[in-house]
Every structure is written in structure tokens, then in C-alpha cells.
>>> print(open('run_36.txt').read())   # compact mmCIF, C-alpha atoms
# COMPACT_ATOMS: atom_id res chain seq x y z
CA MET A 1 100.24 119.17 127.39
CA LEU A 2 99.87 120.75 123.97
CA ALA A 3 102.00 119.03 121.33
CA LEU A 4 102.04 121.33 118.33
CA LEU A 5 104.45 121.89 115.49
CA PHE A 6 105.19 125.39 114.24
CA GLY A 7 105.55 126.26 110.57
CA PRO A 8 108.16 125.13 108.08
CA GLY A 9 110.82 124.49 110.72
CA ALA A 10 108.53 122.10 112.60
CA THR A 11 109.64 123.39 115.99
CA THR A 12 107.96 121.57 118.85
CA LEU A 13 106.14 123.71 121.37
CA VAL A 14 106.69 122.27 124.83
CA ASN A 15 103.92 121.91 127.38
CA ALA A 16 103.25 124.73 129.82
CA GLN A 17 106.11 124.90 132.35
CA PRO A 18 106.25 126.57 135.75
CA ALA A 19 109.08 129.07 136.15
CA ALA A 20 111.11 126.79 138.45
CA GLU A 21 110.95 123.90 136.01
CA MET A 22 111.80 126.15 133.08
CA THR A 23 114.72 127.70 134.98
CA ALA A 24 116.24 124.30 135.74
CA GLN A 25 116.02 123.35 132.07
CA LEU A 26 117.51 126.68 130.99
CA VAL A 27 120.44 126.30 133.41
CA SER A 28 121.07 122.78 132.14
CA ARG A 29 121.20 124.07 128.59
CA THR A 30 123.27 127.15 129.52
CA SER A 31 125.86 125.39 131.70
CA SER A 32 126.83 123.19 128.73
CA LEU A 33 128.18 126.35 127.07
CA LEU A 34 130.43 127.29 130.01
CA PRO A 35 133.78 125.99 131.28
CA ARG A 36 133.63 123.92 134.44
CA ARG A 37 133.43 126.03 137.60
CA ALA A 38 133.46 129.21 135.56
CA THR A 39 133.03 132.70 136.94
CA VAL A 40 130.73 134.68 134.68
CA ALA A 41 129.48 138.22 134.29
CA LEU A 42 125.73 137.75 133.95
CA ASP A 43 123.47 140.01 131.91
CA MET A 44 119.75 139.20 131.75
CA GLN A 45 117.33 141.11 129.51
CA ASN A 46 113.58 140.83 129.30
CA LEU A 47 112.34 141.88 125.86
CA SER A 48 108.96 140.20 126.30
CA ALA A 49 105.67 141.16 127.92
CA LEU A 50 106.45 139.03 130.98
CA PRO A 51 105.63 141.15 134.07
CA ALA A 52 108.61 142.68 135.89
CA SER A 53 107.76 140.79 139.10
CA ASP A 54 107.77 137.45 137.26
CA TRP A 55 111.03 138.35 135.53
CA SER A 56 112.68 139.27 138.85
CA ASN A 57 111.58 135.96 140.36
CA LEU A 58 112.86 134.07 137.33
CA ARG A 59 116.24 135.81 137.53
CA THR A 60 116.60 134.88 141.19
CA LEU A 61 115.76 131.26 140.42
CA PHE A 62 118.19 131.21 137.50
CA GLU A 63 121.13 132.54 139.52
CA ALA A 64 120.45 130.05 142.32
CA GLU A 65 120.27 127.11 139.90
CA LEU A 66 123.38 128.31 138.09
CA ARG A 67 125.40 128.33 141.33
CA LYS A 68 124.32 124.72 142.00
CA THR A 69 126.26 123.71 138.88
CA GLY A 70 129.46 125.29 140.23
CA VAL A 71 129.19 128.52 138.23
CA GLU A 72 129.87 131.74 140.12
CA VAL A 73 128.19 135.01 139.17
CA ALA A 74 130.60 137.93 139.48
CA GLY A 75 129.66 141.55 139.84
CA GLY A 76 130.98 144.02 137.31
CA THR A 77 132.71 143.04 134.08
CA THR A 78 135.98 141.53 135.32
CA ALA A 79 135.01 137.93 134.62
CA GLU A 80 136.60 136.28 131.57
CA THR A 81 133.31 134.69 130.53
CA ARG A 82 130.25 136.78 129.80
CA LEU A 83 126.78 135.20 129.83
CA ARG A 84 123.79 137.01 128.39
CA ILE A 85 120.28 135.61 128.82
CA THR A 86 117.55 137.26 126.74
CA LEU A 87 113.84 136.49 126.87
CA ALA A 88 112.26 137.45 123.55
CA GLU A 89 108.73 137.18 122.25
CA SER A 90 107.14 136.54 118.86
CA SER A 91 103.84 135.26 117.49
CA ARG A 92 105.10 131.76 118.27
CA GLY A 93 105.60 132.41 121.98
CA LEU A 94 108.46 133.14 124.37
CA LEU A 95 112.06 132.22 123.57
CA PHE A 96 115.15 132.24 125.78
CA VAL A 97 118.44 132.98 124.04
CA ALA A 98 121.60 132.17 126.00
CA GLU A 99 124.85 133.65 124.64
CA SER A 100 128.23 132.77 126.15
CA THR A 101 131.33 134.78 125.18
CA SER A 102 134.85 133.93 126.30
CA GLY A 103 137.64 135.62 124.35
CA ASP A 104 136.99 134.92 120.68
CA LYS A 105 134.70 131.97 121.45
CA ARG A 106 130.97 132.61 121.23
CA GLN A 107 128.25 130.01 121.74
CA VAL A 108 124.48 130.37 121.57
CA ALA A 109 121.62 128.16 122.78
CA MET A 110 117.88 128.72 122.42
CA LEU A 111 114.96 127.35 124.40
CA PRO A 112 111.22 128.05 123.94
CA TRP A 113 109.02 128.60 126.98
CA ASN A 114 105.29 128.27 127.35
CA PRO A 115 104.52 129.73 130.81
CA PRO A 116 101.39 128.55 132.58
CA VAL A 117 98.40 130.83 132.91
CA SER A 118 98.51 132.96 136.05
CA ALA A 119 96.42 131.50 138.83
CA GLU A 120 94.76 134.90 139.10
CA GLY A 121 94.00 135.01 135.40
CA LYS A 122 90.35 134.38 134.56
CA PRO A 123 89.57 132.70 131.23
CA ARG A 124 88.03 135.35 129.00
CA ALA A 125 86.06 132.91 126.82
CA THR A 126 83.80 129.92 127.33
CA LEU A 127 83.58 127.01 124.92
CA THR A 128 80.03 126.30 123.73
CA LYS A 129 78.86 123.00 122.22
CA LYS A 130 75.76 122.38 120.09
CA PHE A 131 74.85 118.80 119.16
CA LEU A 132 74.08 118.11 115.48
CA TRP A 133 73.90 114.42 114.66
CA ALA A 134 74.82 110.90 115.84
CA GLN A 135 75.15 107.62 113.93
CA PRO A 136 76.90 104.22 114.16
CA GLU A 137 79.07 104.82 111.06
CA PRO A 138 82.07 107.14 111.47
CA ILE A 139 81.37 110.81 110.77
CA LEU A 140 84.33 112.35 108.96
CA ASP A 141 83.03 115.90 108.64
CA VAL A 142 79.83 117.98 108.51
CA LEU A 143 78.86 120.89 106.26
CA LEU A 144 75.88 123.20 106.83
CA VAL A 145 74.45 124.86 103.71
CA ASP A 146 71.39 126.81 102.57
CA SER A 147 71.43 129.18 105.57
CA ASN A 148 72.05 126.24 107.94
CA THR A 149 68.79 124.52 106.94
CA GLN A 150 70.52 121.64 105.15
CA MET A 151 73.33 119.46 106.47
CA LEU A 152 75.76 117.25 104.55
CA VAL A 153 77.39 114.46 106.56
CA LEU A 154 80.54 112.86 105.12
CA SER A 155 81.10 109.21 106.04
CA PRO A 156 83.66 106.70 104.71
CA SER A 157 81.07 105.19 102.33
CA LYS A 158 78.68 108.04 101.50
CA VAL A 159 77.49 111.61 101.73
CA ALA A 160 74.12 112.00 103.43
CA SER A 161 71.86 115.05 103.10
CA PHE A 162 69.57 116.15 105.94
CA ARG A 163 66.87 118.83 106.03
CA LEU A 164 66.04 120.80 109.16
CA SER A 165 62.37 120.38 110.08
CA GLY A 166 60.81 121.31 113.40
CA GLY A 167 64.21 121.64 115.02
CA GLU A 168 65.26 118.12 113.96
CA TRP A 169 67.42 116.83 111.13
CA ILE A 170 65.50 114.59 108.71
CA LEU A 171 67.36 112.41 106.21
CA SER A 172 66.49 113.47 102.67
CA ALA A 173 69.04 111.68 100.43
CA THR A 174 72.27 109.67 100.35
CA ALA A 175 74.94 109.33 97.66
CA SER A 176 77.49 106.51 97.78
CA LEU A 177 81.20 107.22 97.43
CA VAL A 178 82.71 105.06 94.68
CA LEU A 179 86.36 105.30 95.67
CA PRO A 180 89.32 104.17 93.53
CA ARG A 181 90.93 102.47 96.53
CA PRO A 182 90.01 101.71 100.15
CA ILE A 183 90.70 104.51 102.60
CA PRO A 184 93.00 103.84 105.60
CA ARG A 185 91.99 102.53 108.98
CA ASP A 186 90.76 105.23 111.35
CA PRO A 187 89.42 107.08 108.30
CA ARG A 188 89.51 110.85 108.04
CA GLY A 189 88.00 113.21 105.49
CA ARG A 190 87.11 116.84 104.86
CA ILE A 191 84.08 118.38 103.12
CA GLU A 192 83.98 122.01 101.96
CA ASN A 193 81.65 124.38 100.12
CA THR A 194 82.26 125.26 96.49
CA ALA A 195 80.55 127.78 94.22
CA ASP A 196 78.28 125.12 92.71
CA GLY A 197 78.18 122.42 95.40
CA PHE A 198 80.79 120.75 97.57
CA ARG A 199 84.14 118.98 97.44
CA ALA A 200 85.18 116.11 99.71
CA TYR A 201 88.85 115.27 100.30
CA LEU A 202 89.80 111.75 101.37
CA PRO A 203 93.23 110.04 101.40
CA GLY A 204 93.77 108.91 97.80
CA ALA A 205 90.60 110.44 96.33
CA THR A 206 88.88 113.77 95.78
CA CYS A 207 85.10 113.86 95.30
CA THR A 208 82.96 116.64 93.84
CA GLY A 209 79.21 116.91 94.17
CA SER A 210 76.08 118.99 94.34
CA TRP A 211 73.20 118.96 96.82
CA LYS A 212 70.52 120.67 94.74
CA PRO A 213 68.27 119.91 93.05
CA ASP A 214 69.48 116.36 93.81
CA LEU A 215 72.37 114.97 95.83
CA LYS A 216 75.12 113.75 93.48
CA VAL A 217 78.79 112.95 94.00
CA THR A 218 81.62 111.57 91.85
CA CYS A 219 85.13 110.63 93.00
CA ALA A 220 88.49 110.49 91.22
CA ALA A 221 91.89 109.20 92.26
CA GLY A 222 94.40 111.75 93.52
CA ASN A 223 95.05 114.08 96.41
CA GLU A 224 94.10 117.60 95.40
CA ILE A 225 95.51 120.53 97.35
CA TRP A 226 92.94 122.11 99.65
CA PRO A 227 92.29 125.77 98.86
CA ASP A 228 92.81 126.88 102.47
CA PRO A 229 95.13 125.84 103.92
CA GLN A 230 97.46 124.61 101.18
CA VAL A 231 97.68 120.96 102.27
CA ARG A 232 96.82 117.54 100.83
CA TRP A 233 96.34 113.99 102.05
CA LEU A 234 99.02 111.33 101.91
CA THR A 235 97.69 108.38 99.91
CA ASP A 236 96.89 105.33 102.07
CA ARG A 237 97.50 107.36 105.24
CA ASN A 238 95.28 109.63 107.32
CA MET A 239 98.09 112.21 107.59
CA LEU A 240 98.52 115.48 105.71
CA GLU A 241 101.46 117.04 103.93
CA SER A 242 102.45 120.47 102.64
CA ASP A 243 105.20 121.80 100.42
CA THR A 244 106.28 124.12 103.24
CA VAL A 245 106.58 121.44 105.98
CA LYS A 246 109.18 118.68 105.93
CA ALA A 247 107.30 116.03 107.91
CA PRO A 248 103.70 114.73 107.65
CA PHE A 249 101.27 116.15 110.19
CA TYR A 250 97.80 115.44 111.52
CA SER A 251 96.05 118.82 111.44
CA VAL A 252 96.74 122.49 110.87
CA ALA A 253 95.35 125.72 112.34
CA ASN A 254 96.58 129.31 112.09
CA GLY A 255 100.02 128.17 110.94
CA LEU A 256 100.31 125.56 113.72
CA PHE A 257 100.69 121.89 112.80
CA GLY A 258 99.46 119.00 114.97
CA GLY A 259 102.00 116.20 115.29
CA GLY A 260 99.56 113.30 115.18
CA SER A 261 99.88 111.53 118.52
CA GLY A 262 98.78 112.27 122.06
CA TRP A 263 97.74 115.70 123.25
CA GLY A 264 96.97 118.16 120.53
CA SER A 265 96.65 115.69 117.62
CA ASP A 266 93.44 117.45 116.59
CA ILE A 267 93.51 121.23 116.27
CA ALA A 268 91.23 123.61 114.41
CA ALA A 269 91.10 127.37 113.95
CA LEU A 270 88.25 129.75 114.63
CA GLU A 271 87.92 133.47 115.17
CA ASP A 272 87.69 134.64 118.77
CA PRO A 273 84.56 136.83 119.04
CA CYS A 274 85.91 138.51 122.17
CA VAL A 275 88.86 140.23 120.49
CA GLY A 276 88.57 139.12 116.85
CA ALA A 277 91.92 137.29 117.04
CA PRO A 278 92.78 133.88 115.59
CA THR A 279 92.24 131.09 118.10
CA VAL A 280 93.01 127.38 118.18
CA ILE A 281 90.77 124.65 119.58
CA ALA A 282 92.82 121.61 120.61
CA SER A 283 91.85 118.17 121.81
CA GLY A 284 93.37 116.66 124.93
CA ALA A 285 93.14 113.88 127.48
CA ALA A 286 92.78 114.16 131.23
CA ALA A 287 93.12 111.31 133.72
CA ASP A 288 89.55 110.08 133.29
CA HIS A 289 88.12 111.83 130.22
CA GLU A 290 88.81 113.53 126.90
CA GLU A 291 88.50 117.28 126.53
CA VAL A 292 88.92 120.30 124.26
CA ARG A 293 90.16 123.79 125.05
CA ALA A 294 90.73 127.14 123.35
CA TYR A 295 94.25 128.61 123.05
CA ASN A 296 95.75 131.76 121.59
CA SER A 297 98.68 131.82 119.13
CA GLN A 298 101.15 131.41 122.01
CA ALA A 299 99.35 128.26 123.22
CA THR A 300 98.09 130.09 126.31
CA PRO A 301 94.65 128.78 127.38
CA LEU A 302 91.78 131.17 126.71
CA SER A 303 89.03 128.97 128.16
CA GLU A 304 88.44 126.27 130.70
CA THR A 305 88.52 122.71 129.40
CA LEU A 306 85.30 121.19 128.04
CA PRO A 307 85.00 117.51 129.10
CA LEU A 308 83.80 115.06 126.43
CA PRO A 309 82.10 111.64 126.72
CA GLY A 310 84.56 110.01 124.33
CA PRO A 311 87.69 110.48 122.19
CA VAL A 312 87.85 113.09 119.46
CA THR A 313 87.82 111.53 115.98
CA ALA A 314 87.58 114.76 113.95
CA LEU A 315 88.06 118.47 114.54
CA TRP A 316 87.69 120.73 111.50
CA PRO A 317 86.99 124.42 110.81
CA ALA A 318 83.33 125.04 110.00
CA GLU A 319 81.91 127.09 107.13
CA SER A 320 81.38 129.81 109.76
CA ARG A 321 84.65 131.37 110.93
CA GLY A 322 83.38 131.45 114.52
CA GLN A 323 82.77 127.69 114.79
CA VAL A 324 84.52 124.34 114.41
CA THR A 325 83.08 120.88 113.79
CA LEU A 326 83.74 118.35 116.54
CA VAL A 327 83.21 114.61 116.16
CA ILE A 328 83.63 112.19 119.05
CA ARG A 329 82.90 108.52 119.59
CA ASN A 330 80.68 108.25 122.64
CA ARG A 331 82.07 105.56 124.95
CA GLN A 332 78.63 104.66 126.31
CA THR A 333 76.62 104.44 123.08
CA GLY A 334 79.42 103.56 120.67
CA GLU A 335 77.99 106.09 118.20
CA TYR A 336 79.81 108.94 116.49
CA GLU A 337 78.47 112.34 117.52
CA ALA A 338 78.94 115.55 115.54
CA SER A 339 78.65 118.93 117.25
CA ARG A 340 79.57 122.53 116.65
CA LEU A 341 81.96 124.32 119.01
CA GLY A 342 82.06 128.09 119.46
CA LEU A 343 83.32 130.69 121.91
CA ALA A 344 81.28 132.99 124.13
CA CYS A 345 82.93 135.94 125.85
CA SER A 346 83.20 135.65 129.63
CA LEU A 347 82.11 138.60 131.75
>>> encode(input="run_36.txt", output="C-alpha cells")
Amino acid sequence: MLALLFGPGATTLVNAQPAAEMTAQLVSRTSSLLPRRATVALDMQNLSALPASDWSNLRTLFEAELRKTGVEVAGGTTAETRLRITLAESSRGLLFVAESTSGDKRQVAMLPWNPPVSAEGKPRATLTKKFLWAQPEPILDVLLVDSNTQMLVLSPSKVASFRLSGGEWILSATASLVLPRPIPRDPRGRIENTADGFRAYLPGATCTGSWKPDLKVTCAAGNEIWPDPQVRWLTDRNMLESDTVKAPFYSVANGLFGGGSGWGSDIAALEDPCVGAPTVIASGAAADHEEVRAYNSQATPLSETLPLPGPVTALWPAESRGQVTLVIRNRQTGEYEASRLGLACSL
């Protein structure tokens, strides 16, 4: 299940639904617009990219479910009540629009649909994972600089600098974070490149620093707006806010907003190397493990799931547009592990 919020209207995207389940929900919503035991002239239009065979099957299911509610479908246009069902498509996904007209009375209902991936469809991308670093203290975010030969690790109490030597990361310096107030439980934070160093964003404080010639960092009270996207922390909370979204949210990617609980709390954007299109990596939970998966803008899976040895504690875009930073807490070791996720095109 992928629980995402879309844009300023904060419209919830439902989990992937089979056609039969979606049809039953659509009939339930549609029948509330109709008189009891009505006879309707039905008009169904497919304005989406849904294949004709799938649309025909969906129409058959819809008519059958509609009759179960006591509604009769009449041929021709003699019925007093007209019912038009339209399946439209936008960058946000598929949307059913049900319009009932009886005399001068017109009623409209809308219902989004996230169809499951076809069983015959083969994922066109594979998630890759490259381990970076592990430590007992929470890792909030990781930044690679100097042509990926130096790594900055943001923790709740410090920024640590590592130098790549012989294929291993060697600690070279640490700089403590002197914060104006304690950060919330389950801390979160973001570190980004700047022209002359880096900036770290934490709830209630913004820190600026440099990593050469020496590692230095200073922090000041306040929640600065991130340059991209235009969001900021809520003080004393690990949630984000934006002037364009009414409710707080947990993460943002390609205009999608993570609601902050359950499936899809952590999302991050990266560029799909297979087609060059924006892609979202989302966290999730299976019956016996945590996982991540790649989705397109319509929340259709682009990859198989990648099982993880522990829950996701951070998922942020990397300095490279083709990667994201993943942090988990390994259930066996208890340590926080930072890795880089990417996508490889499937043959």
C-alpha cells in the first residue's frame, strides 16, 4: 500500500486495487447519486491509456455490480436518469468521474484509481544498493563531496567528515552541533551542498559549515526554507510544512507528499536512467521485513521490492540526481546503516 498525498489539495492516493474491487467501490459511490431502483441510460467513456480489453472487462463488472443494487440499465435514451462514467488520466493517475442527470438535477462524484501492475508486465528497472557507513548513533543524512572522495555524515549531535582511502571510509574530523534547543525524538535532519560548504536543516535550527580546509559548523535558531523543494521543518516536530500544503507531511518527492505513518512515510525522488523520467523511491513493510520500491508518477511500480534488514529511518535525495540516500536501523546489529540507492535498467 502506498500512502501518498498529492500537492496542495492533499488528495490521498489509494493503494493499488484490482478491477473487481475498484468496480464495487465505484458502484457504491455511484448508486448514492441515483434514486432507488432507478432505470438509467448508461454511457461509459475511456479517456485514459487503459487497454480496450481491460476497459471492456471493467464495464462488464460495473454493469453487473450496478444491477445488484437494484439499478436497471436501459438501452437507448428513454430512461429518465442518465449516468455517465468517465475514466480520465493525468500526471496524478487515473480518475473516475460519475455524473448523474435526472431532469434539472445533476450530481457528480469522483474516485481515483491506482490499478495494479499487469501480471505480464516485467519491471523495467532494478533497485541497486551500495553500503556507505554504519554507526551506533542515528544517521540523519549523508553528503558526498570532492568527487565522492569525502563524506559528511549528519548525526543528532555532530557532523563527521570521512576520507576515502583504499576503498574504505576513514574518519578525519568531527564538529559538534551546538543547538539552541533539543531536537525531537526520532530525530530527522537534512544536509545539502552549498557554494562554499554545506547547510544542515534540523527541526528548530539551521546549521552552516565548511569541510575544507577544516571542518567547521555553526547553528542558529529557526527553520529556514530549503532551496529545493520549498519546505521547512516544524519546530519541535520531525514533520515538514510548506506554504502550498495545508497539513504537515513527512517527506516530499516530485510533487508527492508522504503522510507520515505506515506505508510510504519515506519517499525520495531520483531520475530514472531508463527513460529519464522522474521516479519515486518509497519505503514499505511486508509481513516479515521492511522494503523499498521504485514507482512512477502514477504510483505504478517500476521495480521489484528490495528487502531490508531493518526499518527505514531516513530516505533523502542525494547530491547525484540518479541516487537517493537510504538509512536503516539493522535489527540484528542495532546500528544505523547508510547506503545509496540507484536504478539499473532491466533487459
>>> closest_residue(input="run_36.txt", among="A:Trp55, A:Gly310, A:Val292, A:Ser320", to="A:Lys129", atoms="all atoms listed in the file")
A:Val292
>>> residues_around(input="run_36.txt", residues="stretch 149-161 of chain A", least_positions_apart="5", cutoff="7 Å", atoms="all atoms listed in the file", output="number ranges by chain")
A: 137-144, 171-177, 187, 191
>>> write_last_selection(input="run_36.txt", atoms="C-alpha atoms", output="PDB file, in the frame of the given file")
ATOM      1  CA  GLU A 137      79.070 104.820 111.060  1.00  0.00           C
ATOM      2  CA  PRO A 138      82.070 107.140 111.470  1.00  0.00           C
ATOM      3  CA  ILE A 139      81.370 110.810 110.770  1.00  0.00           C
ATOM      4  CA  LEU A 140      84.330 112.350 108.960  1.00  0.00           C
ATOM      5  CA  ASP A 141      83.030 115.900 108.640  1.00  0.00           C
ATOM      6  CA  VAL A 142      79.830 117.980 108.510  1.00  0.00           C
ATOM      7  CA  LEU A 143      78.860 120.890 106.260  1.00  0.00           C
ATOM      8  CA  LEU A 144      75.880 123.200 106.830  1.00  0.00           C
ATOM      9  CA  LEU A 171      67.360 112.410 106.210  1.00  0.00           C
ATOM     10  CA  SER A 172      66.490 113.470 102.670  1.00  0.00           C
ATOM     11  CA  ALA A 173      69.040 111.680 100.430  1.00  0.00           C
ATOM     12  CA  THR A 174      72.270 109.670 100.350  1.00  0.00           C
ATOM     13  CA  ALA A 175      74.940 109.330  97.660  1.00  0.00           C
ATOM     14  CA  SER A 176      77.490 106.510  97.780  1.00  0.00           C
ATOM     15  CA  LEU A 177      81.200 107.220  97.430  1.00  0.00           C
ATOM     16  CA  PRO A 187      89.420 107.080 108.300  1.00  0.00           C
ATOM     17  CA  ILE A 191      84.080 118.380 103.120  1.00  0.00           C
TER      18      ILE A 191
END
>>> residues_near_point(input="run_36.txt", point="(75.8, 104.1, 117.0)", cutoff="9 Å", atoms="all atoms listed in the file", output="PyMOL selection string")
chain A and resi 134-138+329-330+333-337
>>> closest_residue(input="run_36.txt", among="A:Leu308, A:Leu240, A:Leu94, A:Leu83", to="A:Arg331", atoms="all atoms listed in the file")
A:Leu308
>>> residues_near_point(input="run_36.txt", point="(123.4, 129.3, 141.7)", cutoff="12 Å", atoms="all atoms listed in the file", output="VMD selection string")
chain A and resid 23 to 24 27 to 28 31 37 to 40 42 59 to 74
>>> closest_residue(input="run_36.txt", among="A:Ser32, A:Asn238, A:Ser346, A:Thr300", to="A:Gln17", atoms="all atoms listed in the file")
A:Thr300
>>> residues_around(input="run_36.txt", residues="stretch 265-270 of chain A", least_positions_apart="6", cutoff="9 Å", atoms="all atoms listed in the file", output="compact mmCIF listing (two decimals) with C-alpha atoms, keeping the file's coordinate frame")
# COMPACT_ATOMS: atom_id res chain seq x y z
CA LEU A 2 99.87 120.75 123.97
CA ALA A 3 102.00 119.03 121.33
CA LEU A 4 102.04 121.33 118.33
CA PHE A 249 101.27 116.15 110.19
CA TYR A 250 97.80 115.44 111.52
CA SER A 251 96.05 118.82 111.44
CA VAL A 252 96.74 122.49 110.87
CA ALA A 253 95.35 125.72 112.34
CA ASN A 254 96.58 129.31 112.09
CA LEU A 256 100.31 125.56 113.72
CA PHE A 257 100.69 121.89 112.80
CA GLY A 258 99.46 119.00 114.97
CA GLY A 259 102.00 116.20 115.29
CA ALA A 277 91.92 137.29 117.04
CA PRO A 278 92.78 133.88 115.59
CA THR A 279 92.24 131.09 118.10
CA VAL A 280 93.01 127.38 118.18
CA ILE A 281 90.77 124.65 119.58
CA ALA A 282 92.82 121.61 120.61
CA SER A 283 91.85 118.17 121.81
CA GLY A 284 93.37 116.66 124.93
CA VAL A 312 87.85 113.09 119.46
CA THR A 313 87.82 111.53 115.98
CA ALA A 314 87.58 114.76 113.95
CA LEU A 315 88.06 118.47 114.54
CA TRP A 316 87.69 120.73 111.50
CA PRO A 317 86.99 124.42 110.81
CA ALA A 318 83.33 125.04 110.00
CA SER A 320 81.38 129.81 109.76
CA ARG A 321 84.65 131.37 110.93
CA GLY A 322 83.38 131.45 114.52
CA GLN A 323 82.77 127.69 114.79
CA VAL A 324 84.52 124.34 114.41
CA THR A 325 83.08 120.88 113.79
CA GLY A 342 82.06 128.09 119.46
CA LEU A 343 83.32 130.69 121.91
>>> atom_distance(input="run_36.txt", atom1="atom CA of A:Leu50", atom2="atom CA of A:Leu306")
27.8 Å
>>> atom_distance(input="run_36.txt", atom1="atom CA of A:Pro203", atom2="atom CA of A:Gly255")
21.6 Å
>>> residues_around(input="run_36.txt", residues="A:Pro180", least_positions_apart="4", cutoff="8 Å", atoms="all atoms listed in the file", output="number ranges by chain")
A: 204-205, 219-221
>>> atom_distance(input="run_36.txt", atom1="atom CA of A:Leu47", atom2="atom CA of A:Leu87")
5.7 Å
>>> residues_around(input="run_36.txt", residues="A:Thr101", least_positions_apart="3", cutoff="6 Å", atoms="only C-alpha atoms", output="PyMOL selection string")
chain A and resi 81-82+105-106
>>> closest_residue(input="run_36.txt", among="A:Asn296, A:Pro18, A:Gln107, A:Gln332", to="A:Cys274", atoms="all atoms listed in the file")
A:Asn296
>>> closest_residue(input="run_36.txt", among="A:Ala247, A:Leu26, A:Val108, A:Leu326", to="A:Ser339", atoms="all atoms listed in the file")
A:Leu326
>>> build_atoms(input="run_36.txt", residues="stretch 312-326 of chain A", atoms="N, CA, C and O atoms", output="mmCIF file, in the frame of the given file")
data_model
loop_
_atom_site.group_PDB
_atom_site.id
_atom_site.type_symbol
_atom_site.label_atom_id
_atom_site.label_comp_id
_atom_site.auth_asym_id
_atom_site.auth_seq_id
_atom_site.Cartn_x
_atom_site.Cartn_y
_atom_site.Cartn_z
ATOM 1 N N VAL A 312 88.064 112.276 120.653
ATOM 2 C CA VAL A 312 87.850 113.090 119.460
ATOM 3 C C VAL A 312 88.316 112.311 118.234
ATOM 4 O O VAL A 312 89.444 111.817 118.188
ATOM 5 N N THR A 313 87.451 112.190 117.228
ATOM 6 C CA THR A 313 87.820 111.530 115.980
ATOM 7 C C THR A 313 87.960 112.517 114.831
ATOM 8 O O THR A 313 88.552 112.178 113.804
ATOM 9 N N ALA A 314 87.428 113.723 114.974
ATOM 10 C CA ALA A 314 87.580 114.760 113.950
ATOM 11 C C ALA A 314 87.388 116.122 114.576
ATOM 12 O O ALA A 314 86.560 116.296 115.477
ATOM 13 N N LEU A 315 88.171 117.079 114.096
ATOM 14 C CA LEU A 315 88.060 118.470 114.540
ATOM 15 C C LEU A 315 88.465 119.338 113.355
ATOM 16 O O LEU A 315 89.639 119.406 113.000
ATOM 17 N N TRP A 316 87.456 119.973 112.721
ATOM 18 C CA TRP A 316 87.690 120.730 111.500
ATOM 19 C C TRP A 316 87.084 122.134 111.608
ATOM 20 O O TRP A 316 86.084 122.318 112.302
ATOM 21 N N PRO A 317 87.643 123.110 110.896
ATOM 22 C CA PRO A 317 86.990 124.420 110.810
ATOM 23 C C PRO A 317 85.618 124.266 110.152
ATOM 24 O O PRO A 317 85.440 123.442 109.251
ATOM 25 N N ALA A 318 84.661 125.054 110.587
ATOM 26 C CA ALA A 318 83.330 125.040 110.000
ATOM 27 C C ALA A 318 83.242 126.073 108.886
ATOM 28 O O ALA A 318 84.174 126.845 108.666
ATOM 29 N N GLU A 319 82.106 126.078 108.178
ATOM 30 C CA GLU A 319 81.910 127.090 107.130
ATOM 31 C C GLU A 319 81.775 128.486 107.738
ATOM 32 O O GLU A 319 82.026 129.489 107.084
ATOM 33 N N SER A 320 81.401 128.544 109.017
ATOM 34 C CA SER A 320 81.380 129.810 109.760
ATOM 35 C C SER A 320 82.701 129.981 110.479
ATOM 36 O O SER A 320 83.180 129.058 111.152
ATOM 37 N N ARG A 321 83.329 131.155 110.361
ATOM 38 C CA ARG A 321 84.650 131.370 110.930
ATOM 39 C C ARG A 321 84.641 131.330 112.452
ATOM 40 O O ARG A 321 85.693 131.216 113.080
ATOM 41 N N GLY A 322 83.476 131.453 113.066
ATOM 42 C CA GLY A 322 83.380 131.450 114.520
ATOM 43 C C GLY A 322 83.055 130.102 115.114
ATOM 44 O O GLY A 322 82.771 130.010 116.313
ATOM 45 N N GLN A 323 83.103 129.023 114.302
ATOM 46 C CA GLN A 323 82.770 127.690 114.790
ATOM 47 C C GLN A 323 83.743 126.649 114.241
ATOM 48 O O GLN A 323 84.414 126.879 113.239
ATOM 49 N N VAL A 324 83.804 125.507 114.931
ATOM 50 C CA VAL A 324 84.520 124.340 114.410
ATOM 51 C C VAL A 324 83.608 123.136 114.565
ATOM 52 O O VAL A 324 82.706 123.111 115.416
ATOM 53 N N THR A 325 83.831 122.137 113.721
ATOM 54 C CA THR A 325 83.080 120.880 113.790
ATOM 55 C C THR A 325 83.849 119.891 114.644
ATOM 56 O O THR A 325 85.029 119.629 114.408
ATOM 57 N N LEU A 326 83.166 119.356 115.638
ATOM 58 C CA LEU A 326 83.740 118.350 116.540
ATOM 59 C C LEU A 326 83.029 117.036 116.348
ATOM 60 O O LEU A 326 81.795 116.991 116.328
#
